[in-house]
$ cat target00.cif   # mmCIF, C-alpha atoms
data_my_file
loop_
_atom_site.label_atom_id
_atom_site.label_comp_id
_atom_site.auth_asym_id
_atom_site.auth_seq_id
_atom_site.Cartn_x
_atom_site.Cartn_y
_atom_site.Cartn_z
CA MET A 1 96.27 110.79 10.15
CA SER A 2 98.49 107.69 10.09
CA ILE A 3 100.86 107.03 13.00
CA GLN A 4 103.89 107.61 10.77
CA THR A 5 102.63 111.06 9.69
CA LYS A 6 101.96 111.95 13.34
CA ASN A 7 105.51 110.95 14.33
CA MET A 8 107.02 112.97 11.50
CA SER A 9 105.02 116.01 12.56
CA GLU A 10 106.30 115.65 16.15
CA ILE A 11 109.88 115.34 14.87
CA PHE A 12 109.46 118.57 12.86
CA GLU A 13 108.09 120.31 15.93
CA LYS A 14 111.08 119.18 17.98
CA MET A 15 113.43 120.34 15.23
CA ASP A 16 111.77 123.76 15.29
CA ASP A 17 112.32 123.91 19.03
CA LEU A 18 115.97 122.94 18.53
CA LYS A 19 116.30 125.65 15.89
CA SER A 20 114.99 128.22 18.37
CA VAL A 21 117.51 127.03 20.95
CA PHE A 22 120.34 127.43 18.40
CA LYS A 23 119.09 130.92 17.55
CA ILE A 24 119.17 131.88 21.24
CA GLY A 25 122.58 130.25 21.52
CA GLU A 26 123.84 132.41 18.65
CA ARG A 27 122.68 135.51 20.51
CA ILE A 28 124.14 134.36 23.84
CA LEU A 29 127.51 133.37 22.40
CA PRO A 30 128.93 136.94 22.21
CA ILE A 31 127.72 137.60 25.76
CA LEU A 32 129.47 134.45 26.95
CA GLN A 33 132.60 135.52 25.09
CA SER A 34 132.53 138.92 26.83
CA LEU A 35 132.08 137.16 30.16
CA ILE A 36 135.07 134.91 29.48
CA ASP A 37 137.13 137.97 28.43
CA PHE A 38 136.04 139.78 31.58
CA MET A 39 137.04 136.82 33.77
CA GLY A 40 140.37 136.71 31.95
CA GLU A 41 140.94 140.36 32.90
CA ILE A 42 139.68 140.11 36.45
CA ILE A 43 141.79 137.11 37.49
CA PRO A 44 145.12 139.03 37.35
CA MET A 45 143.38 141.87 39.21
CA LEU A 46 142.26 139.45 41.91
CA GLU A 47 145.78 138.11 42.13
CA ASN A 48 147.01 141.69 42.63
CA ILE A 49 144.39 142.24 45.31
CA ASN A 50 145.45 139.00 46.95
CA THR A 51 149.10 140.12 46.97
CA SER A 52 148.18 143.55 48.34
CA ILE A 53 146.03 142.03 51.07
CA SER A 54 148.81 139.61 51.92
CA ASP A 55 151.34 142.49 52.16
CA SER A 56 148.99 144.60 54.27
CA THR A 57 148.23 141.67 56.55
CA ASN A 58 151.93 141.13 57.16
CA GLN A 59 152.33 144.81 58.12
CA MET A 60 149.43 144.89 60.56
CA PRO A 61 151.04 143.14 63.56
CA LYS A 62 153.92 145.63 63.25
CA VAL A 63 151.50 148.59 63.24
CA SER A 64 149.65 147.14 66.21
CA HIS A 65 152.92 146.67 68.09
CA GLN A 66 153.94 150.25 67.33
CA ILE A 67 150.64 151.56 68.65
CA ASN A 68 151.22 149.63 71.88
CA ASN A 69 154.69 151.15 72.09
CA VAL A 70 153.22 154.63 71.68
CA THR A 71 150.76 153.95 74.52
CA SER A 72 153.53 152.69 76.80
CA ALA A 73 155.76 155.64 75.92
CA THR A 74 153.04 158.22 76.61
CA GLU A 75 152.18 156.53 79.91
CA LEU A 76 155.83 156.60 80.94
CA ALA A 77 156.19 160.24 79.89
CA THR A 78 152.99 161.15 81.72
CA THR A 79 154.23 159.45 84.89
CA GLU A 80 157.47 161.42 84.64
CA ILE A 81 155.52 164.68 84.22
CA LEU A 82 153.32 163.77 87.19
CA ASP A 83 156.45 163.05 89.26
CA LEU A 84 157.86 166.46 88.34
CA VAL A 85 154.57 168.22 89.09
CA ASP A 86 154.42 166.46 92.47
CA GLU A 87 157.99 167.54 93.13
CA ILE A 88 157.14 171.15 92.23
CA SER A 89 154.09 171.01 94.51
CA ASN A 90 156.18 169.63 97.38
CA GLU A 91 158.82 172.34 96.86
CA LEU A 92 156.09 175.00 96.81
CA ASN A 93 154.83 173.61 100.10
CA ASP A 94 158.36 173.79 101.52
CA ILE A 95 158.65 177.44 100.43
CA ASP A 96 155.26 178.18 101.96
CA GLN A 97 156.31 176.61 105.24
CA ALA A 98 159.57 178.56 105.17
CA ILE A 99 157.61 181.77 104.66
CA ASN A 100 155.40 180.85 107.62
CA LYS A 101 158.51 180.40 109.74
CA ILE A 102 159.92 183.76 108.62
CA MET A 103 156.58 185.41 109.40
CA GLU A 104 156.61 183.89 112.91
CA MET A 105 160.18 185.14 113.39
CA ASN A 106 159.11 188.53 112.14
CA GLU A 107 156.31 188.62 114.68
CA ALA A 108 158.73 187.76 117.48
CA ARG A 109 161.13 190.41 116.16
CA GLU A 110 158.33 192.97 116.20
CA GLN A 111 157.53 192.16 119.84
CA LYS A 112 161.17 192.67 120.77
CA PHE A 113 161.20 195.86 118.76
CA ASN A 114 158.25 197.23 120.73
CA GLU A 115 160.03 196.29 123.97
CA ILE A 116 163.14 198.18 122.83
CA LEU A 117 160.96 201.20 121.99
CA LYS A 118 159.66 201.21 125.56
CA HIS A 119 163.24 201.27 126.86
CA VAL A 120 164.34 204.22 124.76
CA GLU A 121 161.40 206.45 125.63
CA GLY A 122 162.43 210.10 125.44
CA ASN A 123 165.34 209.49 123.10
CA LYS A 124 163.82 210.95 119.99
CA LYS A 125 166.80 210.23 117.78
CA VAL A 126 166.84 206.50 118.64
CA ILE A 127 163.06 206.27 118.32
CA GLY A 128 163.26 207.92 114.91
CA LEU A 129 165.98 205.52 113.76
CA LEU A 130 164.12 202.51 115.08
CA ASN A 131 160.92 203.56 113.27
CA GLU A 132 162.90 204.01 110.06
CA TYR A 133 164.39 200.55 110.57
CA LYS A 134 160.89 199.15 111.13
CA THR A 135 159.65 200.65 107.86
CA ILE A 136 162.47 199.27 105.72
CA SER A 137 162.34 195.82 107.24
CA THR A 138 158.63 195.04 106.87
CA PHE A 139 158.17 191.68 105.16
CA GLU A 140 154.40 191.27 105.09
CA ASP A 141 153.74 192.93 101.76
CA THR A 142 156.62 191.22 99.98
CA PHE A 143 155.67 187.82 101.36
CA GLY A 144 152.06 188.48 100.42
CA ILE A 145 153.16 188.92 96.81
CA ILE A 146 155.38 185.83 96.96
CA ARG A 147 152.49 183.82 98.43
CA GLU A 148 150.21 184.93 95.60
CA VAL A 149 152.79 183.85 93.03
CA LEU A 150 153.28 180.51 94.80
CA SER A 151 149.55 179.94 94.90
CA LYS A 152 149.31 180.65 91.17
CA ILE A 153 152.18 178.26 90.41
CA SER A 154 150.50 175.62 92.59
CA ASN A 155 147.18 176.05 90.75
CA ASP A 156 148.90 175.89 87.38
CA ALA A 157 150.74 172.73 88.43
CA PHE A 158 147.42 171.17 89.40
CA LYS A 159 145.93 172.21 86.07
CA ILE A 160 148.82 170.38 84.35
CA THR A 161 147.97 167.29 86.41
CA MET A 162 144.32 167.45 85.38
CA SER A 163 145.25 168.00 81.72
CA LEU A 164 147.18 164.74 81.79
CA GLN A 165 143.85 162.90 81.70
CA VAL A 166 144.39 163.24 77.97
CA GLN A 167 146.88 160.32 78.24
CA ASP A 168 144.21 157.90 79.48
CA ILE A 169 141.75 159.09 76.85
CA THR A 170 144.19 158.84 73.94
CA SER A 171 145.36 155.42 75.13
CA GLN A 172 141.73 154.24 75.00
CA GLN A 173 141.40 155.67 71.49
CA LEU A 174 144.61 153.88 70.48
CA SER A 175 143.33 150.64 72.01
CA ALA A 176 140.20 151.02 69.91
CA VAL A 177 142.30 151.49 66.75
CA ASN A 178 144.42 148.50 67.71
CA HIS A 179 141.34 146.37 68.21
CA LEU A 180 140.09 147.45 64.79
CA ILE A 181 143.43 146.60 63.18
CA GLU A 182 143.43 143.18 64.83
CA SER A 183 139.87 142.50 63.62
CA VAL A 184 140.76 143.53 60.06
CA ASN A 185 143.95 141.49 60.24
CA SER A 186 142.14 138.32 61.26
CA ARG A 187 139.52 138.80 58.52
CA LEU A 188 142.11 139.50 55.86
CA THR A 189 144.24 136.53 56.88
CA GLY A 190 141.20 134.31 56.32
CA LEU A 191 140.55 136.01 52.99
CA VAL A 192 144.07 135.51 51.70
CA LYS A 193 143.71 131.77 52.24
CA GLU A 194 140.52 131.25 50.30
CA ILE A 195 140.26 134.17 47.97
CA ASP A 196 138.01 134.01 44.95
CA SER A 197 135.56 136.51 43.59
CA SER A 198 132.46 135.20 45.34
CA GLU A 199 134.30 134.64 48.61
CA LEU A 200 135.74 138.13 48.44
CA LYS A 201 132.33 139.60 47.91
CA ARG A 202 130.78 137.59 50.71
CA GLU A 203 133.59 138.30 53.17
CA PHE A 204 133.61 142.05 52.58
CA SER A 205 129.86 142.36 52.74
CA SER A 206 129.71 140.46 56.03
CA MET A 207 132.54 142.45 57.67
CA LYS A 208 131.56 144.36 60.79
CA TRP A 209 133.61 147.36 61.87
CA ASP A 210 132.47 147.56 65.42
CA LEU A 211 134.85 149.38 67.75
CA ASN A 212 133.06 148.47 70.93
CA GLU A 213 132.43 144.78 70.55
CA THR A 214 135.07 143.73 73.04
CA GLY A 215 138.10 145.14 74.85
CA HIS A 216 138.56 147.25 77.94
CA PHE A 217 138.44 150.62 76.26
CA ASP A 218 135.93 153.21 75.17
CA GLY A 219 136.27 153.71 71.41
CA ASN A 220 134.33 156.96 71.68
CA ALA A 221 136.55 158.44 74.38
CA SER A 222 137.18 162.12 73.73
CA TYR A 223 139.19 164.86 75.42
CA ILE A 224 137.52 167.80 73.71
CA ASN A 225 134.40 169.67 74.78
CA ARG A 226 133.30 167.37 77.60
CA GLU A 227 131.58 169.95 79.81
CA HIS A 228 128.33 169.51 77.97
CA VAL A 229 128.64 165.73 78.37
CA GLN A 230 128.72 166.05 82.18
CA SER A 231 125.63 168.29 81.97
CA HIS A 232 124.03 165.63 79.78
CA VAL A 233 124.89 162.95 82.36
CA ASP A 234 123.43 165.07 85.19
CA GLN A 235 120.28 165.60 83.13
CA ILE A 236 119.85 161.86 82.51
CA ILE A 237 120.35 161.10 86.21
CA SER A 238 117.80 163.77 87.03
CA ASP A 239 115.37 162.35 84.42
CA GLN A 240 115.81 158.88 85.85
CA LYS A 241 114.91 160.27 89.25
CA GLN A 242 111.71 161.70 87.81
CA ILE A 243 110.78 158.51 85.97
CA ALA A 244 111.51 156.14 88.85
CA SER A 245 109.33 155.82 91.90
CA GLN A 246 110.51 157.39 95.14
CA GLU A 247 111.24 153.95 96.54
CA GLU A 248 113.46 153.16 93.54
CA ILE A 249 115.21 156.52 93.86
CA ASP A 250 115.85 155.90 97.52
CA LYS A 251 117.27 152.52 96.68
CA LEU A 252 119.43 153.98 93.91
CA PHE A 253 120.82 156.95 95.76
CA SER A 254 120.66 156.04 99.45
CA MET B 255 133.50 159.43 109.90
CA GLU B 256 136.97 159.31 108.34
CA LEU B 257 136.79 158.50 104.67
CA LYS B 258 139.06 155.89 103.14
CA PHE B 259 138.86 155.81 99.36
CA LEU B 260 139.54 152.95 96.99
CA VAL B 261 140.46 154.36 93.57
CA VAL B 262 140.03 151.72 90.84
CA ASP B 263 141.46 152.36 87.37
CA ASP B 264 143.71 150.38 85.03
CA SER B 265 145.48 153.60 84.07
CA VAL B 266 148.27 154.54 86.47
CA THR B 267 147.93 158.12 85.26
CA MET B 268 144.24 158.29 86.11
CA ARG B 269 144.75 156.74 89.54
CA ARG B 270 147.33 159.40 90.34
CA ILE B 271 145.13 162.18 89.01
CA VAL B 272 142.12 161.05 91.06
CA ASN B 273 144.39 160.57 94.06
CA ASN B 274 145.89 164.08 93.67
CA SER B 275 142.42 165.56 93.25
CA LEU B 276 141.27 163.88 96.46
CA LYS B 277 144.34 165.25 98.25
CA THR B 278 143.50 168.79 97.17
CA LEU B 279 140.00 168.22 98.56
CA GLY B 280 141.55 167.19 101.87
CA TYR B 281 141.16 163.41 101.55
CA THR B 282 144.51 161.73 102.09
CA ASN B 283 143.44 158.21 103.02
CA VAL B 284 143.48 156.49 99.63
CA VAL B 285 144.26 152.97 98.37
CA GLU B 286 144.42 151.95 94.72
CA ALA B 287 143.46 148.98 92.55
CA GLY B 288 144.15 148.24 88.87
CA ASP B 289 140.87 146.46 88.02
CA GLY B 290 137.60 145.24 89.50
CA LYS B 291 138.98 141.93 90.73
CA ASP B 292 141.93 143.63 92.40
CA ALA B 293 139.46 146.07 93.98
CA LEU B 294 137.37 143.23 95.44
CA SER B 295 140.53 141.72 96.99
CA LYS B 296 141.44 145.09 98.51
CA LEU B 297 137.90 145.50 99.85
CA ALA B 298 137.96 142.01 101.35
CA ALA B 299 141.32 142.67 102.99
CA ASP B 300 140.57 146.15 104.32
CA SER B 301 137.21 146.73 105.98
CA SER B 302 138.05 150.39 106.68
CA ILE B 303 137.58 151.32 103.01
CA ASN B 304 134.28 153.18 102.88
CA PHE B 305 134.16 154.86 99.46
CA VAL B 306 134.86 153.44 95.98
CA ILE B 307 135.75 155.57 92.96
CA THR B 308 135.91 153.38 89.88
CA ASP B 309 136.56 153.56 86.15
CA TRP B 310 134.26 151.57 83.83
CA ASN B 311 136.52 150.10 81.10
CA MET B 312 139.10 147.87 82.74
CA PRO B 313 140.63 144.48 81.96
CA VAL B 314 139.76 141.37 84.03
CA MET B 315 136.71 142.96 85.69
CA SER B 316 135.00 146.19 84.62
CA GLY B 317 133.77 148.92 86.92
CA LEU B 318 130.19 147.95 86.15
CA GLU B 319 130.83 144.34 87.19
CA LEU B 320 132.61 145.62 90.29
CA SER B 321 129.58 147.73 91.23
CA GLN B 322 127.28 144.74 90.74
CA ALA B 323 129.58 142.55 92.85
CA ILE B 324 129.68 145.14 95.65
CA ARG B 325 125.90 145.55 95.65
CA GLY B 326 125.50 141.79 95.65
CA ASP B 327 127.61 141.40 98.78
CA ALA B 328 125.56 141.95 101.93
CA LYS B 329 128.60 143.28 103.82
CA MET B 330 129.34 145.98 101.24
CA ALA B 331 125.92 146.57 99.71
CA ASN B 332 125.73 150.15 101.02
CA MET B 333 129.24 151.15 99.93
CA PRO B 334 129.17 154.54 98.15
CA ILE B 335 130.33 154.13 94.53
CA LEU B 336 131.29 156.95 92.20
CA MET B 337 131.82 155.97 88.55
CA VAL B 338 134.48 158.06 86.74
CA THR B 339 134.56 157.16 83.06
CA THR B 340 134.85 158.39 79.47
CA ARG B 341 131.51 156.75 78.62
CA GLY B 342 128.87 159.43 78.35
CA VAL B 343 125.97 158.07 76.31
CA LYS B 344 122.55 157.66 77.87
CA GLU B 345 122.51 153.85 77.68
CA ASP B 346 125.76 153.69 79.66
CA ILE B 347 124.52 156.05 82.35
CA VAL B 348 121.26 154.14 82.72
CA GLN B 349 123.23 150.88 82.91
CA ALA B 350 125.43 152.38 85.63
CA LEU B 351 122.38 153.52 87.58
CA GLN B 352 120.91 150.04 87.24
CA ALA B 353 124.17 148.71 88.69
CA LYS B 354 123.38 151.11 91.56
CA VAL B 355 126.37 153.42 91.37
CA ASN B 356 125.72 156.49 93.50
CA ASN B 357 126.88 159.06 90.97
CA TYR B 358 128.65 159.44 87.66
CA VAL B 359 131.52 161.67 86.49
CA VAL B 360 132.66 161.95 82.88
CA LYS B 361 136.37 162.10 82.03
CA PRO B 362 138.12 164.44 81.61
CA PHE B 363 136.74 165.89 84.81
CA THR B 364 137.57 169.02 86.78
CA PRO B 365 138.25 169.01 90.54
CA GLN B 366 135.08 171.08 90.97
CA VAL B 367 132.94 168.40 89.34
CA LEU B 368 134.59 165.67 91.40
CA LYS B 369 134.00 167.66 94.60
CA GLU B 370 130.39 168.35 93.66
CA LYS B 371 129.63 164.67 93.03
CA LEU B 372 131.50 163.51 96.14
CA ASP B 373 129.56 166.00 98.25
CA MET B 374 126.28 164.82 96.70
CA VAL B 375 127.05 161.17 97.47
CA LEU B 376 128.24 161.96 100.97
CA ALA B 377 125.16 164.11 101.68
CA ASN B 378 122.94 161.22 100.67
CA ILE B 379 124.67 158.60 102.78
CA GLN B 380 124.89 160.68 105.96
#

$ encode --input "target00.cif" --output "structure tokens"
Amino acid sequence: MSIQTKNMSEIFEKMDDLKSVFKIGERILPILQSLIDFMGEIIPMLENINTSISDSTNQMPKVSHQINNVTSATELATTEILDLVDEISNELNDIDQAINKIMEMNEAREQKFNEILKHVEGNKKVIGLLNEYKTISTFEDTFGIIREVLSKISNDAFKITMSLQVQDITSQQLSAVNHLIESVNSRLTGLVKEIDSSELKREFSSMKWDLNETGHFDGNASYINREHVQSHVDQIISDQKQIASQEEIDKLFS
Amino acid sequence: MELKFLVVDDSVTMRRIVNNSLKTLGYTNVVEAGDGKDALSKLAADSSINFVITDWNMPVMSGLELSQAIRGDAKMANMPILMVTTRGVKEDIVQALQAKVNNYVVKPFTPQVLKEKLDMVLANIQ
């Protein structure tokens, strides 16, 4: 084969390759067109998303501020309730002391009464009247009932005090929500600045929604059904005692 | 021995509740602190404090850090510490034990539970 014939054959081979490329190109062209159409549709959507994110981001500091206001308001209200409960407890104490005083006076009165009885010995009519008077003026039973009621009010007041632990727990929950809002806000603010489809994807996929990363709150704080949690705590402490050596236990609990 | 409590909590409400609970148990000698750092100042200023009741989650210095600081100070190393917190998962409790708190109460607590844990701590230190 001459050199010229060899070159021609190579050229034909290359042309065949080129033809194959064009054929593939023909097939790919509609796909590329769909992709371009799709991008044309998605860009306005991304702009909408961008606007929505921007609007939401602007609202977030306000929401966060409102949550802080709620926490402050509940703390103030709780303090007022605690003040009132303390006042009620103090007044109940005053009543109790007053009853004690009356009881002491009653005892002194009774002693005098017995002395009078000794002086009117033989005078049946006076003795009868005095005994009648003694019966109608006995305070013990009445004060016993009053004391029971006071004790119940005092216990109920203390129960109100203990129930107000809910304020601390809800304020921790609100702090957790606030922390979450602040985290989302900072992420979204960054997103708004450099939004494009790939960035959006990357940012959202890398977002962490961790409530307990930082902050001085317990995001899992709960007011409901905590009795079993204390039992759980006691069990763990007991387990730790069993696992640890006696020396370690002594060190831990001495 | 007369007990003088230091109640440490960033929540005013909780400090009052713990304080009131102690009163009903007959303990009236109580001082308060708003965080761990404040508590350390109070402890440094008042050597008659001999029992610490502390929350865990607080700004500036947490209850856990406070416990570690107390245990690390030779003068206060044996101070009884009761942790009163909302945190109730095993990891937290183990961490608290490692920080050498004497006992652990979960919020919301009842006066009975507080009394029980106080008695347990006091029985162990006497």

$ atom_distance --input "target00.cif" --atom1 "atom CA of Asp264 of chain B" --atom2 "atom CA of Ser72 of chain A"
13.0 Å

$ atom_distance --input "target00.cif" --atom1 "atom CA of His232 of chain A" --atom2 "atom CA of Val343 of chain B"
8.5 Å

$ resolve_selection --input "target00.cif" --expression "the PyMOL selection byres ((chain B) within 9 of (chain A))" --output "JSON, numbers by chain"
{"B": [265, 266, 267, 268, 270, 271, 272, 274, 275, 310, 311, 312, 313, 314, 316, 332, 334, 339, 340, 341, 342, 343, 344, 347, 348, 351, 352, 353, 354, 355, 356, 357, 358, 359, 360, 361, 362, 363, 364, 365, 367, 375, 378, 379]}

$ residues_around --input "target00.cif" --residues "Met333 of chain B" --least-positions-apart "2" --cutoff "8 Å" --atoms "all atoms listed in the file" --output "tab-separated table (two decimals) with C-alpha atoms, in the frame of the given file"
chain	number	residue	atom	x	y	z
B	304	ASN	CA	134.28	153.18	102.88
B	305	PHE	CA	134.16	154.86	99.46
B	306	VAL	CA	134.86	153.44	95.98
B	324	ILE	CA	129.68	145.14	95.65
B	325	ARG	CA	125.90	145.55	95.65
B	330	MET	CA	129.34	145.98	101.24
B	331	ALA	CA	125.92	146.57	99.71
B	335	ILE	CA	130.33	154.13	94.53

$ residues_around --input "target00.cif" --residues "Ile307 of chain B" --least-positions-apart "2" --cutoff "7 Å" --atoms "all atoms listed in the file" --output "ChimeraX atom specification"
/B:260-262,305,335-338

$ residues_around --input "target00.cif" --residues "Asp300 of chain B" --least-positions-apart "3" --cutoff "12 Å" --atoms "all atoms listed in the file" --output "count of residues only"
15

$ decode --input "target00.cif" --residues "segment 166-177 of chain A" --atoms "N, CA, C and O atoms" --output "tab-separated table (two decimals), in the first residue's frame"
chain	number	residue	atom	x	y	z
A	166	VAL	N	-42.71	24.75	86.31
A	166	VAL	CA	-43.03	24.71	84.88
A	166	VAL	C	-42.45	25.95	84.17
A	166	VAL	O	-42.07	25.88	83.00
A	167	GLN	N	-42.35	27.07	84.89
A	167	GLN	CA	-41.83	28.31	84.26
A	167	GLN	C	-40.38	28.11	83.83
A	167	GLN	O	-40.00	28.46	82.72
A	168	ASP	N	-39.58	27.54	84.72
A	168	ASP	CA	-38.16	27.32	84.40
A	168	ASP	C	-38.03	26.35	83.22
A	168	ASP	O	-37.23	26.56	82.31
A	169	ILE	N	-38.86	25.32	83.26
A	169	ILE	CA	-38.77	24.29	82.20
A	169	ILE	C	-39.20	24.85	80.85
A	169	ILE	O	-38.51	24.67	79.85
A	170	THR	N	-40.32	25.60	80.84
A	170	THR	CA	-40.76	26.17	79.55
A	170	THR	C	-39.77	27.23	79.06
A	170	THR	O	-39.55	27.34	77.86
A	171	SER	N	-39.16	27.96	79.99
A	171	SER	CA	-38.20	28.98	79.53
A	171	SER	C	-36.98	28.30	78.90
A	171	SER	O	-36.40	28.83	77.95
A	172	GLN	N	-36.61	27.12	79.40
A	172	GLN	CA	-35.50	26.39	78.77
A	172	GLN	C	-35.91	25.89	77.38
A	172	GLN	O	-35.12	25.91	76.43
A	173	GLN	N	-37.18	25.44	77.29
A	173	GLN	CA	-37.67	24.98	75.97
A	173	GLN	C	-37.68	26.15	74.99
A	173	GLN	O	-37.28	26.01	73.82
A	174	LEU	N	-38.12	27.32	75.47
A	174	LEU	CA	-38.16	28.50	74.60
A	174	LEU	C	-36.75	28.94	74.20
A	174	LEU	O	-36.52	29.34	73.05
A	175	SER	N	-35.81	28.82	75.14
A	175	SER	CA	-34.41	29.15	74.80
A	175	SER	C	-33.90	28.23	73.71
A	175	SER	O	-33.16	28.66	72.82
A	176	ALA	N	-34.30	26.96	73.79
A	176	ALA	CA	-33.87	25.99	72.77
A	176	ALA	C	-34.44	26.38	71.41
A	176	ALA	O	-33.74	26.35	70.39
A	177	VAL	N	-35.72	26.78	71.39
A	177	VAL	CA	-36.36	27.20	70.13
A	177	VAL	C	-35.65	28.44	69.59
A	177	VAL	O	-35.35	28.55	68.40
